[in-house]
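Report on the structure given below.
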Amino acid sequence: MYNPSKVSEAIREFHSDLTAIRRDIHNNPEHAYKETRTAALVAERLTAYGVDEVHTGVGRTGVVGVIRGNRPGTRNIGLRADMDCLAMTEETRLPYASQNKGYMHACGHDGHTTMLLGAARYLAKTRNFSGTVYAVFQPAEEGAAGAKAMMEDGLFERFPIHAFYGLHNAPWVPLGSMAVRNGAMMAAADRIEITIEGKGGHGGMPQFVSDPVLAAGHVITAIQSIASRNADPADSVVVSICAMEAGVMNTYNVIPREVKLIGTVRTYRKEAQKMVIEKLNLIVDHTCAAFGSTGKVNFIQGYPATINHKREAELSAEVGRGVFGPENVITEIFPNTGGEDFAFFLEAVPGAYIWVGQGREGGFPIHHTCYDFDDRIIPNGAGLLAAIAEKELE
Ligand SMILES: [Zn+2]
Ligand SMILES: [Zn+2]
């Protein structure tokens, strides 16, 4: 009989083994597409747990474990973890802190990999489901689109996944609870580069100059009207200019010929993204022209928005109530303006992306030099993934 709380209880039996694995991965972080040690560890563990097949090198350093249920079925589901770290220096002083200088598991992907290993161990042992579970360990989530690389390497052709589930630890959700919602979970994360060209010259004789710095100032101010005046107030749009390059700091009397602005745009809907692109071009063109400069916008699309599918989001919440307790499943939550490449999977197949809470007083946010994954949430996250598999393939 399907009982989600029993699943995380069963996984609690190997909590200390899993904690040791998590700390070992934390100790040896590997960056995008260089996750060779981590992938080898994952493959070795999956084999030891007795999964039916282990496929390595999927999307360069990705690994897929295949686990068949104890009865035939036509439906297969995917469970996903990301394995990569960030290029930043750890300052936690933990005994298992990174020994790979300049690299750190500051987003908790060490924990995600461990939780999926825990789910795989339980599922390979119990096999209390029909059909097949694919445990997908992807490379390069942080900016280098490892999910897309796995798809381009034939992930869905080789492993026909009918519903896909992934999770992320969430310091913004209380410890002991989880959050999932139907629709947007994370925003599309795009990059903008604006180049403004004028005519440089003497700072004391502006009448002979077309000042691109002045034009840039007006552009920076004017594009804030996109989020405040053009976006639907019930929708969310972020347009941020984060870096600016103009002139030379030790030269006080030369107006430069060119200014460069770099920034990011976050949207949840394709229509909003399209509107931002149009307005950016309009504002930059006309504002620069008014100040005697020319402007060019380069809009570089990053990860799309992570949009949960209704059925899978509801199923995750239902299973989660069994694992975390009915009062600890949050479905009324705002989406987050970070980016996530699980979005590519959710554009291709139905599924849901879930936040597992690790929020507590004094904790650090993800991508902080003092961040650490909270090992106490391993049985909950692993139990949630395994219980979703059992529910999906009941
Ligand atoms: Zn991250
Ligand atoms: Zn992450």
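Residue names in the structure tokens use chain letters A, B, ... in the order shown, residue numbers from 1 in each chain, and ligand numbers from 1 in the order shown.
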
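The residues sitting within 9 Å of ligand 2, with only C-alpha atoms and all ligand atoms considered, come out as Asp82, Asp84, Cys85, Ala106, Cys107, Gly108, His109, His112, Glu141, Glu142, His168, Asn169, Gly339, Glu340, Ile366 and His367 of chain A.
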
Same residues, N, CA and C atoms, output as a PDB file, in the first residue's frame:
```
ATOM      1  N   ASP A  82      20.993  17.852  -9.947  1.00  0.00           N
ATOM      2  CA  ASP A  82      22.113  18.514 -10.623  1.00  0.00           C
ATOM      3  C   ASP A  82      23.388  18.265  -9.819  1.00  0.00           C
ATOM      4  N   ASP A  84      26.681  19.939 -10.451  1.00  0.00           N
ATOM      5  CA  ASP A  84      27.783  20.904 -10.576  1.00  0.00           C
ATOM      6  C   ASP A  84      27.870  21.884  -9.414  1.00  0.00           C
ATOM      7  N   CYS A  85      29.039  22.501  -9.275  1.00  0.00           N
ATOM      8  CA  CYS A  85      29.259  23.509  -8.229  1.00  0.00           C
ATOM      9  C   CYS A  85      29.399  24.885  -8.878  1.00  0.00           C
ATOM     10  N   ALA A 106      27.941  25.878  -3.416  1.00  0.00           N
ATOM     11  CA  ALA A 106      27.225  26.931  -2.702  1.00  0.00           C
ATOM     12  C   ALA A 106      25.755  26.982  -3.089  1.00  0.00           C
ATOM     13  N   CYS A 107      25.313  26.003  -3.903  1.00  0.00           N
ATOM     14  CA  CYS A 107      23.894  25.985  -4.280  1.00  0.00           C
ATOM     15  C   CYS A 107      23.241  24.685  -3.802  1.00  0.00           C
ATOM     16  N   GLY A 108      24.018  23.851  -3.118  1.00  0.00           N
ATOM     17  CA  GLY A 108      23.450  22.621  -2.549  1.00  0.00           C
ATOM     18  C   GLY A 108      23.242  21.491  -3.541  1.00  0.00           C
ATOM     19  N   HIS A 109      23.891  21.550  -4.714  1.00  0.00           N
ATOM     20  CA  HIS A 109      23.718  20.463  -5.680  1.00  0.00           C
ATOM     21  C   HIS A 109      24.351  19.163  -5.165  1.00  0.00           C
ATOM     22  N   HIS A 112      21.422  17.671  -3.570  1.00  0.00           N
ATOM     23  CA  HIS A 112      20.442  17.145  -4.535  1.00  0.00           C
ATOM     24  C   HIS A 112      20.899  15.795  -5.088  1.00  0.00           C
ATOM     25  N   GLU A 141      24.266  22.806 -14.267  1.00  0.00           N
ATOM     26  CA  GLU A 141      23.022  23.581 -14.125  1.00  0.00           C
ATOM     27  C   GLU A 141      23.309  25.075 -14.047  1.00  0.00           C
ATOM     28  N   GLU A 142      24.436  25.436 -13.408  1.00  0.00           N
ATOM     29  CA  GLU A 142      24.744  26.851 -13.150  1.00  0.00           C
ATOM     30  C   GLU A 142      25.220  27.562 -14.419  1.00  0.00           C
ATOM     31  N   HIS A 168      14.852  21.500  -5.473  1.00  0.00           N
ATOM     32  CA  HIS A 168      15.971  22.336  -5.058  1.00  0.00           C
ATOM     33  C   HIS A 168      15.801  22.656  -3.582  1.00  0.00           C
ATOM     34  N   ASN A 169      16.902  22.637  -2.848  1.00  0.00           N
ATOM     35  CA  ASN A 169      16.831  23.088  -1.455  1.00  0.00           C
ATOM     36  C   ASN A 169      16.488  24.574  -1.460  1.00  0.00           C
ATOM     37  N   GLY A 339      17.005  31.815 -11.996  1.00  0.00           N
ATOM     38  CA  GLY A 339      16.813  30.988 -13.200  1.00  0.00           C
ATOM     39  C   GLY A 339      17.161  29.549 -12.872  1.00  0.00           C
ATOM     40  N   GLU A 340      16.670  28.620 -13.705  1.00  0.00           N
ATOM     41  CA  GLU A 340      16.852  27.188 -13.411  1.00  0.00           C
ATOM     42  C   GLU A 340      16.728  26.431 -14.726  1.00  0.00           C
ATOM     43  N   ILE A 366      21.633  30.634  -0.644  1.00  0.00           N
ATOM     44  CA  ILE A 366      22.422  29.939  -1.670  1.00  0.00           C
ATOM     45  C   ILE A 366      23.299  30.957  -2.399  1.00  0.00           C
ATOM     46  N   HIS A 367      24.416  30.502  -2.928  1.00  0.00           N
ATOM     47  CA  HIS A 367      25.421  31.318  -3.632  1.00  0.00           C
ATOM     48  C   HIS A 367      26.183  32.238  -2.665  1.00  0.00           C
TER      49      HIS A 367
END
```

Got a sec: who's within 6 Å of segment 261-268 of chain A, counting only C-alpha atoms, leaving out chain neighbours fewer than 2 positions off, as a list in words?
-> Ala187, Ala188, Ala189, Asp190, Arg191, Ile192, Glu193, Ile194, Val237, Val238, Val239, Ser240, Ile241, Cys242, Ala243, Met244, Gln273 and Ala305 of chain A

Write out the residues from the selection above, keeping C-alpha atoms, as a PDB file, in the first residue's frame.
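What ended up in again_23.pdb:
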```
ATOM      1  CA  ALA A 187      11.758  33.230 -14.094  1.00  0.00           C
ATOM      2  CA  ALA A 188      13.344  33.330 -17.524  1.00  0.00           C
ATOM      3  CA  ALA A 189      16.845  34.752 -16.949  1.00  0.00           C
ATOM      4  CA  ASP A 190      18.126  36.778 -19.896  1.00  0.00           C
ATOM      5  CA  ARG A 191      21.180  38.987 -20.405  1.00  0.00           C
ATOM      6  CA  ILE A 192      21.158  42.411 -22.049  1.00  0.00           C
ATOM      7  CA  GLU A 193      24.095  44.304 -23.517  1.00  0.00           C
ATOM      8  CA  ILE A 194      23.505  47.887 -24.635  1.00  0.00           C
ATOM      9  CA  VAL A 237       9.062  41.918 -14.823  1.00  0.00           C
ATOM     10  CA  VAL A 238      12.587  42.849 -13.748  1.00  0.00           C
ATOM     11  CA  VAL A 239      14.928  44.987 -15.871  1.00  0.00           C
ATOM     12  CA  SER A 240      18.248  45.672 -14.123  1.00  0.00           C
ATOM     13  CA  ILE A 241      21.381  47.424 -15.349  1.00  0.00           C
ATOM     14  CA  CYS A 242      24.192  45.883 -13.317  1.00  0.00           C
ATOM     15  CA  ALA A 243      27.417  47.120 -14.903  1.00  0.00           C
ATOM     16  CA  MET A 244      28.521  50.151 -16.899  1.00  0.00           C
ATOM     17  CA  GLN A 273       9.661  38.761 -22.536  1.00  0.00           C
ATOM     18  CA  ALA A 305      10.922  30.296 -17.171  1.00  0.00           C
TER      19      ALA A 305
END
```

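Each of A:His286, A:Lys270, A:His105, A:Lys125 was compared to ligand 1 using only C-alpha atoms and all ligand atoms, and A:His105 turns out to be the nearest.
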
Hey, what does DSSP flag as alpha helix (DSSP H) within segment 131-359 of chain A? Can you give it to me as an MDAnalysis selection string?
-> chainID A and resid 146:152 155:158 212:222 224:225 270:290 310:324 342:348

Using only C-alpha atoms, pick whichever of A:Ser8, A:Asn27, A:Gln224, A:Asn182 has the shortest atom-to-atom distance to Gly325 of chain A.
-> A:Ser8

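Here the question is which of A:Gly143, A:Gly200, A:Gly359, A:Gly217 gets nearest to ligand 1 using only C-alpha atoms and all ligand atoms, and that residue is A:Gly143.
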
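Proximity of A:Lys296, A:Arg60, A:Arg12, A:His55 to Ala32 of chain A, computed with only C-alpha atoms, is greatest for A:Arg60.
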
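Residues in contact with Arg93 of chain A at up to 12 Å, not including ones fewer than 2 positions away on its chain and judged by only C-alpha atoms, are Asn27, Thr89, Glu90, Glu91, Pro95, Tyr96, Ala97, Ser98, Gln99, Thr369, Cys370, Tyr371 and Asp372 of chain A.
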
Dump as a tab-separated table (two decimals), in the first residue's frame, selection limited to C-alpha atoms:
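That gives us out_18.tsv:
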```tsv
chain	number	residue	atom	x	y	z
A	27	ASN	CA	34.67	18.28	-0.22
A	89	THR	CA	35.73	30.41	-2.85
A	90	GLU	CA	34.24	28.74	0.22
A	91	GLU	CA	34.51	30.46	3.61
A	95	PRO	CA	35.86	20.03	8.18
A	96	TYR	CA	34.55	18.89	4.77
A	97	ALA	CA	34.89	22.32	3.09
A	98	SER	CA	35.97	22.44	-0.56
A	99	GLN	CA	39.50	21.28	-1.24
A	369	THR	CA	30.50	31.89	0.55
A	370	CYS	CA	29.28	30.55	3.94
A	371	TYR	CA	26.33	28.53	2.61
A	372	ASP	CA	26.08	24.83	3.42
```

Can you list, as an MDAnalysis selection string, every protein, DNA or RNA residue that comes within 8 Å of Val284 of chain A when you count only C-alpha atoms, leaving out same-chain residues fewer than 4 positions away?
-> chainID A and resid 219 280 288 295:297

Take the residues that were just selected and, keeping N, CA and C atoms, output them as a CSV table (one decimal), in the first residue's frame.
```
chain,number,residue,atom,x,y,z
A,219,VAL,N,19.0,56.6,-20.7
A,219,VAL,CA,18.6,55.2,-21.1
A,219,VAL,C,18.3,54.4,-19.8
A,280,LEU,N,12.7,47.8,-25.0
A,280,LEU,CA,14.1,48.1,-24.9
A,280,LEU,C,14.7,48.7,-26.1
A,288,CYS,N,18.7,57.5,-27.4
A,288,CYS,CA,20.1,57.8,-27.9
A,288,CYS,C,20.0,58.8,-29.1
A,295,GLY,N,22.3,53.8,-30.4
A,295,GLY,CA,22.3,52.7,-29.4
A,295,GLY,C,21.9,51.4,-30.0
A,296,LYS,N,22.5,50.3,-29.5
A,296,LYS,CA,22.2,49.0,-30.0
A,296,LYS,C,21.9,48.1,-28.8
A,297,VAL,N,20.9,47.3,-28.9
A,297,VAL,CA,20.6,46.3,-27.8
A,297,VAL,C,20.9,44.9,-28.3
```

Closest of A:Asp211, A:Ile377, A:Glu152, A:His368 to ligand 1, counting only C-alpha atoms and all ligand atoms, is A:His368

Taking the DSSP assignment computed from this structure's backbone, write out as JSON, numbers by chain all residues of segment 21-157 of chain A that belong to strand (DSSP E).
-> {"A": [53, 54, 55, 56, 57, 58, 62, 63, 64, 65, 66, 67, 68, 71, 72, 73, 74, 75, 76, 77, 78, 79, 80, 81, 82, 130, 131, 132, 133, 134, 135, 136, 137, 138]}

Could you give me, as JSON, numbers by chain, the residues within 6 Å of segment 129-137 of chain A, counting only C-alpha atoms and dropping anything in the same chain fewer than 2 positions from it?
-> {"A": [62, 63, 64, 65, 66, 67, 68, 69, 71, 72, 73, 74, 75, 76, 77, 78, 79, 80, 81, 82, 127, 390, 393, 394]}

Quick one: everything within 12 Å of Ser177 of chain A, counting only C-alpha atoms, minus sequence neighbours fewer than 3 positions away in the same chain. Send it as a PDB file with C-alpha atoms, in the first residue's frame.
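After the write, selection.pdb holds the following:
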```pdb
ATOM      1  CA  ASN A 169      16.831  23.088  -1.455  1.00  0.00           C
ATOM      2  CA  ALA A 170      15.300  26.404  -0.440  1.00  0.00           C
ATOM      3  CA  PRO A 171      16.643  28.530   2.433  1.00  0.00           C
ATOM      4  CA  TRP A 172      13.619  30.817   1.817  1.00  0.00           C
ATOM      5  CA  VAL A 173      11.198  27.994   2.762  1.00  0.00           C
ATOM      6  CA  PRO A 174      11.115  26.879   6.447  1.00  0.00           C
ATOM      7  CA  VAL A 180       5.290  23.753  -4.956  1.00  0.00           C
ATOM      8  CA  ALA A 317       1.821  18.503  -3.156  1.00  0.00           C
ATOM      9  CA  GLY A 320       4.434  15.955   0.020  1.00  0.00           C
ATOM     10  CA  ARG A 321       1.596  16.117   2.572  1.00  0.00           C
ATOM     11  CA  GLY A 322       2.371  12.487   3.401  1.00  0.00           C
ATOM     12  CA  VAL A 323       6.132  13.076   3.657  1.00  0.00           C
ATOM     13  CA  PHE A 324       6.251  16.498   5.363  1.00  0.00           C
ATOM     14  CA  GLY A 325       2.856  16.503   7.115  1.00  0.00           C
ATOM     15  CA  PRO A 326      -0.280  18.171   5.719  1.00  0.00           C
ATOM     16  CA  GLU A 327       0.450  21.516   7.416  1.00  0.00           C
ATOM     17  CA  ASN A 328       3.985  21.662   5.969  1.00  0.00           C
ATOM     18  CA  VAL A 329       3.181  21.786   2.262  1.00  0.00           C
ATOM     19  CA  ILE A 330       3.026  25.343   0.954  1.00  0.00           C
ATOM     20  CA  THR A 331       1.204  25.888  -2.340  1.00  0.00           C
ATOM     21  CA  ILE A 354       9.735  21.538  -5.964  1.00  0.00           C
ATOM     22  CA  TRP A 355      11.425  23.543  -3.188  1.00  0.00           C
ATOM     23  CA  VAL A 356      12.482  21.601  -0.112  1.00  0.00           C
ATOM     24  CA  GLY A 357      12.775  23.985   2.836  1.00  0.00           C
ATOM     25  CA  GLN A 358      15.987  24.390   4.779  1.00  0.00           C
ATOM     26  CA  GLY A 359      15.285  27.873   6.108  1.00  0.00           C
ATOM     27  CA  ARG A 360      16.315  28.603   9.695  1.00  0.00           C
ATOM     28  CA  ILE A 377      16.654  17.414   4.899  1.00  0.00           C
ATOM     29  CA  ASN A 380      12.683  14.267   3.335  1.00  0.00           C
ATOM     30  CA  GLY A 381      13.959  15.158  -0.153  1.00  0.00           C
ATOM     31  CA  LEU A 384       9.664  12.851  -1.545  1.00  0.00           C
TER      32      LEU A 384
END
```

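Distances to ligand 1 were evaluated for A:Asp375, A:Asp110, A:Asp235, A:Glu258 using only C-alpha atoms and all ligand atoms, and the minimum falls at A:Asp110.
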
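Atom CA of Gly154 of chain A is positioned 24.4 Å from atom CA of Gly50 of chain A.
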
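For His202 of chain A, the residues within 8 Å (counting only C-alpha atoms, excluding itself and residues fewer than 5 positions away along the chain) are Phe208, Val209, Asn253, Val254 and Ile255 of chain A.
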
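Interatomic distance, atom CA of Ala348 of chain A against atom CA of Ala149 of chain A: 13.4 Å.
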
Could you give me, as JSON lines, every segment 260-373 of chain A residue with an atom at most 10 Å from segment 163-167 of chain A, plus its closest atom pair and distance in Å to one decimal, counting only C-alpha atoms, rows ordered by chain then number?
```
{"residue": "A:Asn308", "atom": "CA", "partner": "A:Tyr165", "partner_atom": "CA", "distance": 9.6}
{"residue": "A:His309", "atom": "CA", "partner": "A:Ala163", "partner_atom": "CA", "distance": 9.6}
{"residue": "A:Arg311", "atom": "CA", "partner": "A:Ala163", "partner_atom": "CA", "distance": 9.9}
{"residue": "A:Glu312", "atom": "CA", "partner": "A:Ala163", "partner_atom": "CA", "distance": 7.6}
{"residue": "A:Ala313", "atom": "CA", "partner": "A:Tyr165", "partner_atom": "CA", "distance": 9.2}
{"residue": "A:Ser316", "atom": "CA", "partner": "A:Tyr165", "partner_atom": "CA", "distance": 8.6}
{"residue": "A:Phe342", "atom": "CA", "partner": "A:Gly166", "partner_atom": "CA", "distance": 7.4}
{"residue": "A:Phe345", "atom": "CA", "partner": "A:Phe164", "partner_atom": "CA", "distance": 7.5}
{"residue": "A:Leu346", "atom": "CA", "partner": "A:Phe164", "partner_atom": "CA", "distance": 7.5}
{"residue": "A:Ala348", "atom": "CA", "partner": "A:Phe164", "partner_atom": "CA", "distance": 9.7}
{"residue": "A:Val349", "atom": "CA", "partner": "A:Ala163", "partner_atom": "CA", "distance": 6.2}
{"residue": "A:Pro350", "atom": "CA", "partner": "A:Ala163", "partner_atom": "CA", "distance": 5.1}
{"residue": "A:Gly351", "atom": "CA", "partner": "A:Phe164", "partner_atom": "CA", "distance": 4.4}
{"residue": "A:Ala352", "atom": "CA", "partner": "A:Tyr165", "partner_atom": "CA", "distance": 5.1}
{"residue": "A:Tyr353", "atom": "CA", "partner": "A:Gly166", "partner_atom": "CA", "distance": 4.9}
{"residue": "A:Ile354", "atom": "CA", "partner": "A:Leu167", "partner_atom": "CA", "distance": 4.5}
{"residue": "A:Trp355", "atom": "CA", "partner": "A:Leu167", "partner_atom": "CA", "distance": 5.6}
{"residue": "A:Val356", "atom": "CA", "partner": "A:Leu167", "partner_atom": "CA", "distance": 6.8}
```

Print the selection's residues with all heavy atoms to a file, as a short mmCIF file (atom, residue, chain, number, x, y, z; two decimals), in the first residue's frame.
```
data_model
loop_
_atom_site.label_atom_id
_atom_site.label_comp_id
_atom_site.auth_asym_id
_atom_site.auth_seq_id
_atom_site.Cartn_x
_atom_site.Cartn_y
_atom_site.Cartn_z
N ASN A 308 5.69 24.88 -13.87
CA ASN A 308 5.17 23.58 -13.45
C ASN A 308 3.86 23.25 -14.16
O ASN A 308 3.05 24.14 -14.45
CB ASN A 308 4.93 23.57 -11.94
CG ASN A 308 6.21 23.32 -11.16
OD1 ASN A 308 7.22 22.90 -11.72
ND2 ASN A 308 6.16 23.58 -9.87
N HIS A 309 3.67 21.97 -14.40
CA HIS A 309 2.42 21.50 -15.00
C HIS A 309 1.43 21.17 -13.86
O HIS A 309 1.85 20.71 -12.80
CB HIS A 309 2.69 20.27 -15.87
CG HIS A 309 3.58 20.58 -17.05
ND1 HIS A 309 3.17 20.45 -18.35
CD2 HIS A 309 4.85 21.06 -17.10
CE1 HIS A 309 4.16 20.82 -19.16
NE2 HIS A 309 5.20 21.18 -18.43
N ARG A 311 -1.11 18.95 -13.21
CA ARG A 311 -1.29 17.62 -12.63
C ARG A 311 -0.09 17.23 -11.77
O ARG A 311 -0.24 16.75 -10.64
CB ARG A 311 -1.48 16.59 -13.76
CG ARG A 311 -1.56 15.16 -13.27
CD ARG A 311 -1.51 14.12 -14.39
NE ARG A 311 -1.25 12.79 -13.84
CZ ARG A 311 -0.05 12.32 -13.55
NH1 ARG A 311 1.02 13.06 -13.77
NH2 ARG A 311 0.10 11.11 -13.05
N GLU A 312 1.12 17.45 -12.30
CA GLU A 312 2.33 17.04 -11.60
C GLU A 312 2.58 17.89 -10.35
O GLU A 312 3.08 17.39 -9.34
CB GLU A 312 3.52 17.07 -12.55
CG GLU A 312 3.53 15.93 -13.58
CD GLU A 312 2.45 16.03 -14.66
OE1 GLU A 312 1.92 17.15 -14.88
OE2 GLU A 312 2.13 15.00 -15.28
N ALA A 313 2.22 19.19 -10.42
CA ALA A 313 2.38 20.05 -9.23
C ALA A 313 1.43 19.58 -8.13
O ALA A 313 1.81 19.50 -6.96
CB ALA A 313 2.10 21.51 -9.60
N SER A 316 2.66 16.31 -6.65
CA SER A 316 3.80 16.55 -5.75
C SER A 316 3.32 17.04 -4.39
O SER A 316 3.82 16.61 -3.35
CB SER A 316 4.74 17.61 -6.32
OG SER A 316 5.13 17.29 -7.61
N PHE A 342 16.13 23.30 -15.27
CA PHE A 342 15.07 22.27 -15.30
C PHE A 342 13.93 22.77 -16.21
O PHE A 342 13.12 21.98 -16.70
CB PHE A 342 14.56 22.00 -13.88
CG PHE A 342 13.72 20.76 -13.74
CD1 PHE A 342 14.27 19.51 -13.89
CD2 PHE A 342 12.36 20.85 -13.46
CE1 PHE A 342 13.50 18.36 -13.78
CE2 PHE A 342 11.57 19.70 -13.34
CZ PHE A 342 12.15 18.46 -13.50
N PHE A 345 13.58 20.92 -19.44
CA PHE A 345 12.87 19.65 -19.33
C PHE A 345 11.35 19.89 -19.30
O PHE A 345 10.59 19.18 -19.93
CB PHE A 345 13.28 18.90 -18.06
CG PHE A 345 14.71 18.37 -18.07
CD1 PHE A 345 15.45 18.29 -16.89
CD2 PHE A 345 15.32 17.94 -19.25
CE1 PHE A 345 16.74 17.79 -16.88
CE2 PHE A 345 16.62 17.45 -19.25
CZ PHE A 345 17.34 17.38 -18.05
N LEU A 346 10.94 20.92 -18.53
CA LEU A 346 9.51 21.18 -18.38
C LEU A 346 8.88 21.75 -19.65
O LEU A 346 7.66 21.75 -19.79
CB LEU A 346 9.25 22.11 -17.19
CG LEU A 346 9.52 21.50 -15.81
CD1 LEU A 346 9.20 22.51 -14.71
CD2 LEU A 346 8.73 20.22 -15.58
N ALA A 348 9.66 20.37 -22.47
CA ALA A 348 9.59 19.18 -23.33
C ALA A 348 8.60 18.13 -22.83
O ALA A 348 7.92 17.48 -23.63
CB ALA A 348 10.98 18.55 -23.45
N VAL A 349 8.53 17.94 -21.51
CA VAL A 349 7.62 16.93 -20.94
C VAL A 349 6.93 17.52 -19.71
O VAL A 349 7.45 18.44 -19.08
CB VAL A 349 8.39 15.63 -20.53
CG1 VAL A 349 8.96 14.90 -21.73
CG2 VAL A 349 9.48 15.92 -19.51
N PRO A 350 5.77 16.94 -19.32
CA PRO A 350 5.11 17.44 -18.10
C PRO A 350 5.97 17.13 -16.87
O PRO A 350 6.77 16.20 -16.88
CB PRO A 350 3.81 16.64 -18.04
CG PRO A 350 3.67 15.94 -19.33
CD PRO A 350 5.01 15.85 -19.97
N GLY A 351 5.78 17.92 -15.84
CA GLY A 351 6.54 17.66 -14.62
C GLY A 351 6.39 18.78 -13.63
O GLY A 351 5.59 19.71 -13.81
N ALA A 352 7.15 18.69 -12.55
CA ALA A 352 7.10 19.72 -11.50
C ALA A 352 8.46 19.87 -10.85
O ALA A 352 9.23 18.92 -10.73
CB ALA A 352 6.06 19.36 -10.45
N TYR A 353 8.73 21.11 -10.45
CA TYR A 353 9.95 21.49 -9.75
C TYR A 353 9.54 21.95 -8.36
O TYR A 353 8.61 22.74 -8.22
CB TYR A 353 10.61 22.62 -10.55
CG TYR A 353 11.89 23.17 -10.00
CD1 TYR A 353 13.08 22.45 -10.13
CD2 TYR A 353 11.93 24.42 -9.40
CE1 TYR A 353 14.27 22.96 -9.66
CE2 TYR A 353 13.12 24.94 -8.93
CZ TYR A 353 14.29 24.21 -9.06
OH TYR A 353 15.47 24.73 -8.60
N ILE A 354 10.20 21.39 -7.35
CA ILE A 354 9.73 21.54 -5.96
C ILE A 354 10.84 22.16 -5.10
O ILE A 354 12.02 21.85 -5.29
CB ILE A 354 9.39 20.13 -5.40
CG1 ILE A 354 8.35 19.44 -6.30
CG2 ILE A 354 8.89 20.22 -3.95
CD1 ILE A 354 8.48 17.94 -6.36
N TRP A 355 10.46 23.01 -4.15
CA TRP A 355 11.42 23.54 -3.19
C TRP A 355 11.31 22.79 -1.87
O TRP A 355 10.22 22.68 -1.30
CB TRP A 355 11.16 25.03 -2.93
CG TRP A 355 11.49 25.91 -4.09
CD1 TRP A 355 12.49 25.73 -5.01
CD2 TRP A 355 10.81 27.12 -4.47
NE1 TRP A 355 12.49 26.76 -5.92
CE2 TRP A 355 11.48 27.62 -5.62
CE3 TRP A 355 9.74 27.82 -3.96
CZ2 TRP A 355 11.08 28.79 -6.25
CZ3 TRP A 355 9.34 28.99 -4.58
CH2 TRP A 355 10.01 29.47 -5.72
N VAL A 356 12.43 22.27 -1.41
CA VAL A 356 12.48 21.60 -0.11
C VAL A 356 13.11 22.57 0.88
O VAL A 356 14.25 22.99 0.71
CB VAL A 356 13.28 20.28 -0.21
CG1 VAL A 356 13.43 19.65 1.17
CG2 VAL A 356 12.58 19.31 -1.15
#
```

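We find atom CA of Glu314 of chain A and atom CA of Leu123 of chain A to be spaced 22.0 Å apart.
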